[in-house]
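Novice: Sending over input.pdb (PDB, C-alpha atoms).
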ATOM      1  CA  MET A   1      32.611  27.395 -85.273
ATOM      2  CA  TYR A   2      32.710  27.308 -89.065
ATOM      3  CA  LYS A   3      30.151  25.611 -91.263
ATOM      4  CA  ILE A   4      29.290  25.402 -94.954
ATOM      5  CA  LYS A   5      25.582  25.735 -95.719
ATOM      6  CA  ARG A   6      24.550  23.941 -98.901
ATOM      7  CA  ARG A   7      21.540  24.026-101.211
ATOM      8  CA  SER A   8      19.413  21.006-102.087
ATOM      9  CA  ASN A   9      21.683  20.260-105.087
ATOM     10  CA  CYS A  10      24.750  20.205-102.752
ATOM     11  CA  SER A  11      26.151  23.487-104.125
ATOM     12  CA  ILE A  12      27.561  25.929-101.551
ATOM     13  CA  LYS A  13      25.080  28.582-100.434
ATOM     14  CA  ARG A  14      27.304  30.441 -97.972
ATOM     15  CA  TYR A  15      30.094  30.101 -95.436
ATOM     16  CA  LYS A  16      29.006  30.568 -91.826
ATOM     17  CA  ALA A  17      31.075  31.602 -88.801
ATOM     18  CA  ARG A  18      29.377  31.532 -85.410
ATOM     19  CA  LEU A  19      30.329  32.219 -81.804
ATOM     20  CA  VAL A  20      29.214  29.158 -79.838
ATOM     21  CA  ASP A  21      29.132  28.972 -76.055
ATOM     22  CA  ARG A  22      30.509  25.939 -74.225
ATOM     23  CA  GLY A  23      27.103  24.807 -73.016
ATOM     24  CA  PHE A  24      28.460  21.484 -71.753
ATOM     25  CA  THR A  25      30.013  23.371 -68.796
ATOM     26  CA  GLN A  26      26.602  24.613 -67.616
ATOM     27  CA  GLN A  27      25.160  23.279 -64.357
ATOM     28  CA  GLU A  28      21.473  22.511 -64.037
ATOM     29  CA  GLY A  29      19.716  24.704 -61.465
ATOM     30  CA  ILE A  30      22.461  27.337 -61.670
ATOM     31  CA  ASP A  31      22.926  28.233 -65.338
ATOM     32  CA  TYR A  32      19.675  26.797 -66.680
ATOM     33  CA  SER A  33      16.419  25.125 -65.685
ATOM     34  CA  GLU A  34      13.992  24.228 -68.493
ATOM     35  CA  THR A  35      15.495  23.358 -71.881
ATOM     36  CA  PHE A  36      12.687  21.656 -73.822
ATOM     37  CA  SER A  37      11.544  23.492 -76.953
ATOM     38  CA  PRO A  38       8.600  22.108 -78.970
ATOM     39  CA  VAL A  39       8.863  21.601 -82.728
ATOM     40  CA  ILE A  40       6.179  20.977 -85.303
ATOM     41  CA  LYS A  41       4.940  17.390 -85.629
ATOM     42  CA  HIS A  42       5.359  15.547 -88.911
ATOM     43  CA  ALA A  43       1.657  14.772 -89.144
ATOM     44  CA  THR A  44       0.821  18.467 -88.690
ATOM     45  CA  VAL A  45       3.074  19.441 -91.602
ATOM     46  CA  ARG A  46       1.504  16.809 -93.853
ATOM     47  CA  LEU A  47      -1.990  17.934 -92.821
ATOM     48  CA  VAL A  48      -1.340  21.645 -93.449
ATOM     49  CA  PHE A  49       0.344  20.820 -96.777
ATOM     50  CA  SER A  50      -2.704  18.775 -97.766
ATOM     51  CA  ILE A  51      -5.094  21.613 -96.866
ATOM     52  CA  ALA A  52      -2.987  24.193 -98.733
ATOM     53  CA  ILE A  53      -2.685  22.069-101.875
ATOM     54  CA  SER A  54      -6.390  21.175-101.896
ATOM     55  CA  CYS A  55      -7.386  24.833-101.472
ATOM     56  CA  GLY A  56      -4.782  26.220-103.896
ATOM     57  CA  TRP A  57      -2.971  28.307-101.267
ATOM     58  CA  LYS A  58       0.633  29.464-101.649
ATOM     59  CA  ILE A  59       3.065  28.148 -99.007
ATOM     60  CA  HIS A  60       5.682  30.743 -98.036
ATOM     61  CA  GLN A  61       9.006  29.695 -96.545
ATOM     62  CA  LEU A  62      10.585  32.128 -94.076
ATOM     63  CA  ASP A  63      14.071  31.973 -92.598
ATOM     64  CA  ILE A  64      14.983  33.789 -89.364
ATOM     65  CA  HIS A  65      18.604  34.982 -89.297
ATOM     66  CA  ASN A  66      20.521  33.907 -86.183
ATOM     67  CA  ALA A  67      17.278  32.943 -84.456
ATOM     68  CA  PHE A  68      18.796  31.880 -81.128
ATOM     69  CA  LEU A  69      20.365  35.326 -80.634
ATOM     70  CA  ASN A  70      16.841  36.738 -80.231
ATOM     71  CA  GLY A  71      16.070  34.717 -77.110
ATOM     72  CA  VAL A  72      16.058  36.576 -73.797
ATOM     73  CA  LEU A  73      17.634  34.734 -70.846
ATOM     74  CA  ASP A  74      15.749  34.446 -67.557
ATOM     75  CA  GLU A  75      18.795  33.011 -65.769
ATOM     76  CA  GLU A  76      21.959  34.871 -64.735
ATOM     77  CA  VAL A  77      24.651  33.451 -67.030
ATOM     78  CA  TYR A  78      28.272  34.552 -67.400
ATOM     79  CA  MET A  79      30.777  33.740 -70.141
ATOM     80  CA  LYS A  80      34.512  34.169 -70.472
ATOM     81  CA  GLN A  81      35.650  36.729 -73.007
ATOM     82  CA  PRO A  82      35.921  34.987 -76.396
ATOM     83  CA  PRO A  83      39.416  34.382 -77.837
ATOM     84  CA  GLY A  84      40.533  37.259 -80.020
ATOM     85  CA  PHE A  85      38.215  39.723 -78.260
ATOM     86  CA  VAL A  86      39.758  39.827 -74.774
ATOM     87  CA  ASP A  87      39.970  43.294 -73.218
ATOM     88  CA  SER A  88      43.674  43.826 -72.549
ATOM     89  CA  ALA A  89      42.898  46.219 -69.676
ATOM     90  CA  LEU A  90      40.497  43.794 -67.969
ATOM     91  CA  PRO A  91      41.538  40.304 -69.106
ATOM     92  CA  SER A  92      40.004  38.527 -66.090
ATOM     93  CA  ASN A  93      36.538  40.072 -66.455
ATOM     94  CA  VAL A  94      33.609  37.997 -67.742
ATOM     95  CA  CYS A  95      30.586  38.827 -69.891
ATOM     96  CA  ARG A  96      27.057  38.644 -68.540
ATOM     97  CA  LEU A  97      24.670  37.288 -71.171
ATOM     98  CA  HIS A  98      21.306  39.020 -71.439
ATOM     99  CA  LYS A  99      20.389  37.212 -74.660
ATOM    100  CA  SER A 100      21.050  33.623 -75.606
ATOM    101  CA  LEU A 101      23.948  32.331 -77.676
ATOM    102  CA  TYR A 102      24.271  29.197 -79.752
ATOM    103  CA  GLY A 103      25.506  26.390 -77.534
ATOM    104  CA  LEU A 104      23.528  27.327 -74.426
ATOM    105  CA  LYS A 105      21.256  24.531 -73.273
ATOM    106  CA  GLN A 106      18.277  26.873 -72.891
ATOM    107  CA  ALA A 107      18.848  28.723 -76.196
ATOM    108  CA  PRO A 108      16.149  26.833 -78.200
ATOM    109  CA  ARG A 109      13.576  27.323 -75.445
ATOM    110  CA  ALA A 110      14.413  31.033 -75.035
ATOM    111  CA  TRP A 111      14.003  31.578 -78.786
ATOM    112  CA  HIS A 112      10.701  29.692 -78.951
ATOM    113  CA  THR A 113       9.368  31.671 -75.970
ATOM    114  CA  ARG A 114      10.303  34.966 -77.640
ATOM    115  CA  LEU A 115       8.672  33.977 -80.948
ATOM    116  CA  ASN A 116       5.604  32.545 -79.198
ATOM    117  CA  ASP A 117       5.049  35.752 -77.200
ATOM    118  CA  PHE A 118       5.353  37.917 -80.315
ATOM    119  CA  LEU A 119       2.978  35.788 -82.395
ATOM    120  CA  LEU A 120       0.356  35.845 -79.639
ATOM    121  CA  SER A 121       0.733  39.625 -79.354
ATOM    122  CA  ILE A 122      -0.162  40.178 -83.041
ATOM    123  CA  GLY A 123      -3.261  38.010 -82.954
ATOM    124  CA  PHE A 124      -2.122  34.406 -83.527
ATOM    125  CA  ARG A 125      -3.319  31.609 -81.277
ATOM    126  CA  ALA A 126      -1.436  28.388 -80.606
ATOM    127  CA  SER A 127      -3.072  25.091 -81.496
ATOM    128  CA  LYS A 128      -4.050  22.998 -78.489
ATOM    129  CA  VAL A 129      -2.838  19.760 -80.097
ATOM    130  CA  ASP A 130       0.455  21.092 -81.528
ATOM    131  CA  THR A 131       1.952  24.144 -79.833
ATOM    132  CA  SER A 132       4.239  24.843 -82.810
ATOM    133  CA  LEU A 133       1.218  25.441 -85.064
ATOM    134  CA  PHE A 134      -0.129  28.993 -84.868
ATOM    135  CA  ILE A 135      -3.470  30.050 -86.343
ATOM    136  CA  PHE A 136      -4.532  33.557 -87.401
ATOM    137  CA  SER A 137      -8.122  34.168 -88.492
ATOM    138  CA  VAL A 138     -10.165  37.219 -89.469
ATOM    139  CA  GLY A 139     -13.717  36.502 -90.540
ATOM    140  CA  VAL A 140     -13.658  33.709 -93.125
ATOM    141  CA  ASP A 141      -9.912  34.129 -93.839
ATOM    142  CA  ILE A 142      -7.412  31.929 -92.026
ATOM    143  CA  CYS A 143      -3.622  31.543 -91.956
ATOM    144  CA  TYR A 144      -1.438  28.768 -90.574
ATOM    145  CA  LEU A 145       2.133  29.290 -89.363
ATOM    146  CA  LEU A 146       4.354  26.270 -88.642
ATOM    147  CA  VAL A 147       7.553  26.617 -86.618
ATOM    148  CA  TYR A 148      10.517  24.225 -86.602
ATOM    149  CA  VAL A 149      13.218  26.110 -84.626
ATOM    150  CA  ASP A 150      14.172  28.929 -87.053
ATOM    151  CA  ASP A 151      12.420  27.555 -90.158
ATOM    152  CA  ILE A 152       8.898  28.868 -90.648
ATOM    153  CA  LEU A 153       6.162  27.971 -93.115
ATOM    154  CA  LEU A 154       3.227  30.330 -93.638
ATOM    155  CA  THR A 155       0.118  29.626 -95.692
ATOM    156  CA  GLY A 156      -3.446  30.853 -95.802
ATOM    157  CA  SER A 157      -6.503  31.792 -97.775
ATOM    158  CA  ASN A 158      -5.755  35.525 -98.167
ATOM    159  CA  SER A 159      -2.526  36.578 -99.923
ATOM    160  CA  PHE A 160      -2.815  40.185 -98.685
ATOM    161  CA  MET A 161      -3.083  38.926 -95.111
ATOM    162  CA  LEU A 162       0.007  36.733 -95.604
ATOM    163  CA  GLN A 163       2.068  39.705 -96.824
ATOM    164  CA  ARG A 164       0.903  41.785 -93.872
ATOM    165  CA  LEU A 165       1.936  39.050 -91.419
ATOM    166  CA  ILE A 166       5.360  38.754 -93.094
ATOM    167  CA  GLN A 167       5.817  42.522 -92.700
ATOM    168  CA  LEU A 168       4.982  42.285 -88.991
ATOM    169  CA  LEU A 169       7.498  39.468 -88.522
ATOM    170  CA  SER A 170      10.135  41.471 -90.421
ATOM    171  CA  SER A 171       9.591  44.440 -88.098
ATOM    172  CA  GLU A 172      10.511  42.266 -85.086
ATOM    173  CA  PHE A 173      13.084  39.801 -86.488
ATOM    174  CA  LYS A 174      15.573  39.819 -89.325
ATOM    175  CA  LEU A 175      14.137  37.352 -91.827
ATOM    176  CA  HIS A 176      14.131  36.421 -95.490
ATOM    177  CA  ASP A 177      11.015  35.506 -97.420
ATOM    178  CA  LEU A 178      12.337  32.622 -99.514
ATOM    179  CA  GLY A 179       9.175  32.514-101.642
ATOM    180  CA  SER A 180       7.353  29.265-102.250
ATOM    181  CA  VAL A 181       8.609  26.362-100.167
ATOM    182  CA  HIS A 182      11.341  24.414-101.977
ATOM    183  CA  TYR A 183      13.802  23.068 -99.379
ATOM    184  CA  PHE A 184      12.525  22.666 -95.835
ATOM    185  CA  LEU A 185      14.386  20.853 -93.030
ATOM    186  CA  GLY A 186      16.534  18.989 -95.528
ATOM    187  CA  ILE A 187      13.433  17.961 -97.505
ATOM    188  CA  GLU A 188      13.278  18.812-101.193
ATOM    189  CA  VAL A 189       9.834  20.122-102.132
ATOM    190  CA  GLN A 190       8.854  20.080-105.803
ATOM    191  CA  SER A 191       5.623  21.446-107.234
ATOM    192  CA  THR A 192       3.788  19.202-109.681
ATOM    193  CA  SER A 193       0.562  19.513-111.633
ATOM    194  CA  MET A 194      -1.120  17.352-108.985
ATOM    195  CA  GLY A 195       0.372  18.880-105.829
ATOM    196  CA  LEU A 196       3.724  18.615-104.026
ATOM    197  CA  MET A 197       6.478  16.006-104.112
ATOM    198  CA  LEU A 198       8.516  15.626-100.896
ATOM    199  CA  ARG A 199      11.917  13.962-101.279
ATOM    200  CA  GLN A 200      14.818  13.114 -98.920
ATOM    201  CA  HIS A 201      17.065  11.435-101.480
ATOM    202  CA  LYS A 202      20.294  13.192-100.431
ATOM    203  CA  TYR A 203      19.576  12.625 -96.733
ATOM    204  CA  THR A 204      18.999   8.901 -97.364
ATOM    205  CA  LEU A 205      22.342   8.580 -99.142
ATOM    206  CA  ASP A 206      24.046  10.445 -96.281
ATOM    207  CA  ILE A 207      22.681   7.911 -93.766
ATOM    208  CA  LEU A 208      23.819   4.971 -95.897
ATOM    209  CA  THR A 209      27.271   6.525 -96.252
ATOM    210  CA  ARG A 210      27.540   7.155 -92.504
ATOM    211  CA  ALA A 211      26.555   3.541 -91.787
ATOM    212  CA  GLY A 212      29.007   2.211 -94.396
ATOM    213  CA  MET A 213      26.225   0.542 -96.379
ATOM    214  CA  LEU A 214      26.108   2.606 -99.547
ATOM    215  CA  SER A 215      27.054  -0.423-101.649
ATOM    216  CA  CYS A 216      25.034  -3.047 -99.721
ATOM    217  CA  LYS A 217      22.690  -5.560-101.341
ATOM    218  CA  PRO A 218      19.080  -4.240-101.406
ATOM    219  CA  VAL A 219      16.062  -6.117-100.034
ATOM    220  CA  ILE A 220      12.364  -5.644-100.792
ATOM    221  CA  ALA A 221      11.004  -5.419 -97.210
ATOM    222  CA  PRO A 222      12.230  -3.194 -94.311
ATOM    223  CA  ILE A 223      11.555  -5.826 -91.649
ATOM    224  CA  PHE A 224      12.151  -9.574 -91.329
ATOM    225  CA  THR A 225       9.010 -11.322 -92.523
ATOM    226  CA  SER A 226       9.407 -14.332 -90.249
ATOM    227  CA  LYS A 227       8.800 -14.190 -86.510
ATOM    228  CA  ALA A 228      11.979 -13.761 -84.499
ATOM    229  CA  THR A 229      12.884 -16.280 -81.845
ATOM    230  CA  ILE A 230      14.329 -15.500 -78.436
ATOM    231  CA  LEU A 231      17.904 -16.769 -78.359
ATOM    232  CA  PRO A 232      20.905 -15.813 -76.213
ATOM    233  CA  ASN A 233      22.441 -12.850 -78.038
ATOM    234  CA  PRO A 234      25.474 -10.737 -77.104
ATOM    235  CA  LEU A 235      25.132  -6.997 -76.553
ATOM    236  CA  PHE A 236      25.927  -4.863 -79.576
ATOM    237  CA  SER A 237      29.453  -3.503 -79.142
ATOM    238  CA  ASP A 238      28.907   0.048 -80.429
ATOM    239  CA  THR A 239      25.723   1.377 -78.772
ATOM    240  CA  THR A 240      26.574   4.981 -79.716
ATOM    241  CA  ARG A 241      26.631   4.115 -83.407
ATOM    242  CA  PHE A 242      23.345   2.214 -83.035
ATOM    243  CA  ARG A 243      21.619   5.237 -81.480
ATOM    244  CA  GLN A 244      23.074   7.695 -83.984
ATOM    245  CA  ILE A 245      21.829   5.704 -86.968
ATOM    246  CA  MET A 246      18.410   5.183 -85.386
ATOM    247  CA  GLY A 247      18.132   8.897 -84.593
ATOM    248  CA  ALA A 248      18.887   9.731 -88.234
ATOM    249  CA  LEU A 249      16.349   7.160 -89.458
ATOM    250  CA  GLN A 250      13.617   8.607 -87.235
ATOM    251  CA  TYR A 251      13.894  11.894 -89.111
ATOM    252  CA  LEU A 252      13.601  10.074 -92.433
ATOM    253  CA  ILE A 253      10.042   8.916 -91.687
ATOM    254  CA  PHE A 254       8.874  12.434 -92.576
ATOM    255  CA  THR A 255       8.693  11.333 -96.219
ATOM    256  CA  ARG A 256       9.029   7.550 -95.774
ATOM    257  CA  PRO A 257       6.036   6.182 -93.858
ATOM    258  CA  ASP A 258       6.841   2.755 -95.344
ATOM    259  CA  ILE A 259       9.638   2.319 -92.761
ATOM    260  CA  PHE A 260       7.673   3.729 -89.809
ATOM    261  CA  PHE A 261       6.694   0.373 -88.309
ATOM    262  CA  ALA A 262      10.165  -1.171 -88.736
ATOM    263  CA  ILE A 263      11.834   1.821 -87.048
ATOM    264  CA  ASN A 264       9.297   1.776 -84.232
ATOM    265  CA  ARG A 265      10.101  -1.865 -83.509
ATOM    266  CA  VAL A 266      13.873  -1.368 -83.407
ATOM    267  CA  CYS A 267      13.668   1.863 -81.365
ATOM    268  CA  GLN A 268      12.149  -0.065 -78.476
ATOM    269  CA  PHE A 269      15.625  -1.500 -77.753
ATOM    270  CA  MET A 270      17.681   1.716 -77.842
ATOM    271  CA  HIS A 271      18.715   1.374 -74.183
ATOM    272  CA  VAL A 272      20.329  -2.093 -74.481
ATOM    273  CA  PRO A 273      20.668  -3.151 -78.141
ATOM    274  CA  ILE A 274      21.921  -6.631 -78.997
ATOM    275  CA  ASP A 275      23.384  -7.990 -82.226
ATOM    276  CA  SER A 276      19.994  -9.072 -83.587
ATOM    277  CA  HIS A 277      18.665  -5.534 -83.143
ATOM    278  CA  TRP A 278      21.578  -4.197 -85.191
ATOM    279  CA  ALA A 279      20.675  -6.773 -87.831
ATOM    280  CA  GLY A 280      17.195  -5.186 -87.884
ATOM    281  CA  VAL A 281      18.765  -1.749 -88.450
ATOM    282  CA  LYS A 282      20.867  -3.102 -91.315
ATOM    283  CA  ARG A 283      17.713  -4.637 -92.796
ATOM    284  CA  ILE A 284      16.089  -1.178 -92.885
ATOM    285  CA  LEU A 285      19.218   0.321 -94.471
ATOM    286  CA  ARG A 286      19.316  -2.418 -97.126
ATOM    287  CA  TYR A 287      15.672  -1.711 -97.919
ATOM    288  CA  LEU A 288      16.405   2.010 -98.259
ATOM    289  CA  ARG A 289      19.320   1.271-100.597
ATOM    290  CA  GLY A 290      16.950  -0.312-103.062
ATOM    291  CA  MET A 291      14.204   2.299-102.611
ATOM    292  CA  THR A 292      16.130   5.601-102.516
ATOM    293  CA  SER A 293      13.936   7.068-105.252
ATOM    294  CA  TYR A 294      10.705   6.746-103.245
ATOM    295  CA  ASP A 295       8.984  10.114-102.624
ATOM    296  CA  LEU A 296       5.900  11.302-100.768
ATOM    297  CA  HIS A 297       3.362  12.840-103.142
ATOM    298  CA  ILE A 298       0.825  15.203-101.563
ATOM    299  CA  THR A 299      -2.070  15.539-103.981
ATOM    300  CA  ARG A 300      -5.220  17.638-104.145
ATOM    301  CA  SER A 301      -8.275  16.178-102.499
ATOM    302  CA  SER A 302     -11.929  17.028-103.079
ATOM    303  CA  SER A 303     -12.890  15.766 -99.627
ATOM    304  CA  PHE A 304     -11.825  17.140 -96.234
ATOM    305  CA  ALA A 305     -13.102  14.102 -94.340
ATOM    306  CA  PHE A 306     -10.934  12.120 -91.935
ATOM    307  CA  HIS A 307     -10.804   8.331 -92.145
ATOM    308  CA  GLY A 308      -8.935   6.130 -89.697
ATOM    309  CA  PHE A 309      -7.994   2.458 -89.880
ATOM    310  CA  THR A 310      -6.479   0.353 -87.129
ATOM    311  CA  ASP A 311      -5.655  -3.285 -86.558
ATOM    312  CA  ALA A 312      -3.870  -5.429 -83.995
ATOM    313  CA  ASP A 313      -2.821  -9.041 -83.675
ATOM    314  CA  TRP A 314      -3.199 -11.168 -80.551
ATOM    315  CA  ALA A 315      -0.082 -11.619 -78.395
ATOM    316  CA  GLY A 316       2.090 -11.325 -81.503
ATOM    317  CA  SER A 317       5.245 -10.039 -79.821
ATOM    318  CA  VAL A 318       7.739 -12.835 -79.231
ATOM    319  CA  GLU A 319       9.603 -10.791 -76.583
ATOM    320  CA  ASP A 320       6.730 -10.039 -74.170
ATOM    321  CA  ARG A 321       3.620 -11.687 -75.720
ATOM    322  CA  LYS A 322       1.899  -8.326 -76.087
ATOM    323  CA  SER A 323      -0.359  -7.479 -78.978
ATOM    324  CA  MET A 324       1.084  -5.353 -81.775
ATOM    325  CA  GLY A 325      -1.145  -2.704 -83.307
ATOM    326  CA  GLY A 326      -0.989  -0.144 -86.069
ATOM    327  CA  TYR A 327      -3.077   2.677 -87.466
ATOM    328  CA  LEU A 328      -3.455   4.814 -90.574
ATOM    329  CA  VAL A 329      -5.259   8.169 -90.734
ATOM    330  CA  PHE A 330      -6.335   9.747 -94.030
ATOM    331  CA  PHE A 331      -7.257  13.377 -94.658
ATOM    332  CA  GLY A 332      -9.306  13.083 -97.816
ATOM    333  CA  GLN A 333      -7.122  10.884-100.039
ATOM    334  CA  MET A 334      -3.853  11.763 -98.258
ATOM    335  CA  PRO A 335      -2.398   9.568 -95.483
ATOM    336  CA  ILE A 336      -1.121  11.982 -92.833
ATOM    337  CA  SER A 337      -0.387   9.734 -89.837
TER     338      SER A 337
END
Will you turn the file into structure tokens for me?

Specialist:
Amino acid sequence: MYKIKRRSNCSIKRYKARLVDRGFTQQEGIDYSETFSPVIKHATVRLVFSIAISCGWKIHQLDIHNAFLNGVLDEEVYMKQPPGFVDSALPSNVCRLHKSLYGLKQAPRAWHTRLNDFLLSIGFRASKVDTSLFIFSVGVDICYLLVYVDDILLTGSNSFMLQRLIQLLSSEFKLHDLGSVHYFLGIEVQSTSMGLMLRQHKYTLDILTRAGMLSCKPVIAPIFTSKATILPNPLFSDTTRFRQIMGALQYLIFTRPDIFFAINRVCQFMHVPIDSHWAGVKRILRYLRGMTSYDLHITRSSSFAFHGFTDADWAGSVEDRKSMGGYLVFFGQMPIS
């Protein structure tokens, strides 16, 4: 498979060619068992960013080259010889895979297991509330390592310790130290005098383009302000499109907590969406069209205290008469969840 990797300004970074296995032909229980691989939670990233900015720590961004190729397979998996590399003397032979390839259903899990085992072996410990957050501490010094598949963020109180940990990772995996974080998971990160600015402007425009609503009329609220009424409504004709757009919007809440509640409401009908639910999705998209310049600003805080706020109405849901609740958690002055 061929892919063009781009920078945050849309310029071409490099051309990529990759051998990808036909994982859709795998059979559960024969070629694979467990496939789930944990990734870092959004709230954890915001919390660690807030701690690093408040303490004046540098945030390193590390990139593992061909991460999935490092995973070791527990299952016995065979693959046909790839086109262009078939042995003319033994054309009917197959390859046994000892390490994972891109496309295998268990490839993300195998990679995470390999990385997890190595990090634990050099002294890290996994957080009990987020298994993709690893903590390394010696005396009063502490380092945090966040993992999202092959993208890694590393920050801590001791710069010498950070360099030593990067050297240990380099001895085991082929990686690049990209310096201070600037473009992480499609999120543009800009340093300011007050902290960090997180932006998903390009990603927002990509969603609007995919949904065909780049030139729609903006609105000022992401959800209908009046209570909906239960009326007979036909099923939405293109459920695949509905789920694709909602999946893309769920990733956008990393920097756009203002649409969190609206997305949560619409996602409750992913299994059987009707026309009115699609109208709710279009409402969110119209709101985003008018607010594409909104960013998430992580600022320094003098307090490390947590404050939580929650509220709920009484039987406010028209569909099932259940109460609707919400919450907001602050770390110092920064809302993280």

Novice: Can you list, as a PyMOL selection string, the residues that the PyMOL selection byres ((chain A and resi 176) around 7) selects here?

Specialist: chain A and resi 62-64+175+177-178

Novice: To one decimal place in Å, what is the distance between CA of Leu119 (chain A) and CA of Leu198 (chain A)?

Specialist: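 Distance reported for this atom pair: 27.9 Å.
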
Novice: Let me know the residues the PyMOL selection byres ((chain A and resi 148) around 9) catches in the file above, as a ChimeraX atom specification.

Specialist: /A:38-41,132,146-147,149-153,185

Novice: Keeping only C-alpha atoms, write those residues as an mmCIF file, in the coordinates of the input.

Specialist:
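To be explicit, this is the file written out as again_21.cif:
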data_model
loop_
_atom_site.group_PDB
_atom_site.id
_atom_site.type_symbol
_atom_site.label_atom_id
_atom_site.label_comp_id
_atom_site.auth_asym_id
_atom_site.auth_seq_id
_atom_site.Cartn_x
_atom_site.Cartn_y
_atom_site.Cartn_z
ATOM 1 C CA PRO A 38 8.600 22.108 -78.970
ATOM 2 C CA VAL A 39 8.863 21.601 -82.728
ATOM 3 C CA ILE A 40 6.179 20.977 -85.303
ATOM 4 C CA LYS A 41 4.940 17.390 -85.629
ATOM 5 C CA SER A 132 4.239 24.843 -82.810
ATOM 6 C CA LEU A 146 4.354 26.270 -88.642
ATOM 7 C CA VAL A 147 7.553 26.617 -86.618
ATOM 8 C CA VAL A 149 13.218 26.110 -84.626
ATOM 9 C CA ASP A 150 14.172 28.929 -87.053
ATOM 10 C CA ASP A 151 12.420 27.555 -90.158
ATOM 11 C CA ILE A 152 8.898 28.868 -90.648
ATOM 12 C CA LEU A 153 6.162 27.971 -93.115
ATOM 13 C CA LEU A 185 14.386 20.853 -93.030
#

Novice: Using all atoms listed in the file, which protein or nucleic acid residues come within 10 Å of Phe261 (chain A)? Drop anything in the same chain fewer than 5 positions from it, and give the result as a ChimeraX atom specification.

Specialist: /A:222-223,253,266-267,325-326

Novice: Smallest atom-to-atom distance to Thr239 (chain A): which of A:Ser121, A:Ala221, A:His271, A:Ile207, using all atoms listed in the file?

Specialist: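 Checking each of A:Ser121, A:Ala221, A:His271, A:Ile207 against Thr239 (chain A), counting all atoms listed in the file, the winner is A:His271.
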
Novice: Apply the PyMOL selection byres ((chain A and resi 141) around 12) to the structure shown and report the selected residues as a ChimeraX atom specification.

Specialist: /A:57,135-140,142-144,155-162

Novice: Calculate how many Å separate CA of Arg241 (chain A) from CA of Glu319 (chain A), rounding to one decimal.

Specialist: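 Distance reported for this atom pair: 23.6 Å.
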
Novice: Report, in Å to a single decimal, how far apart CA of Ala305 (chain A) and CA of Phe331 (chain A) are.

Specialist: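 The value is 5.9 Å.
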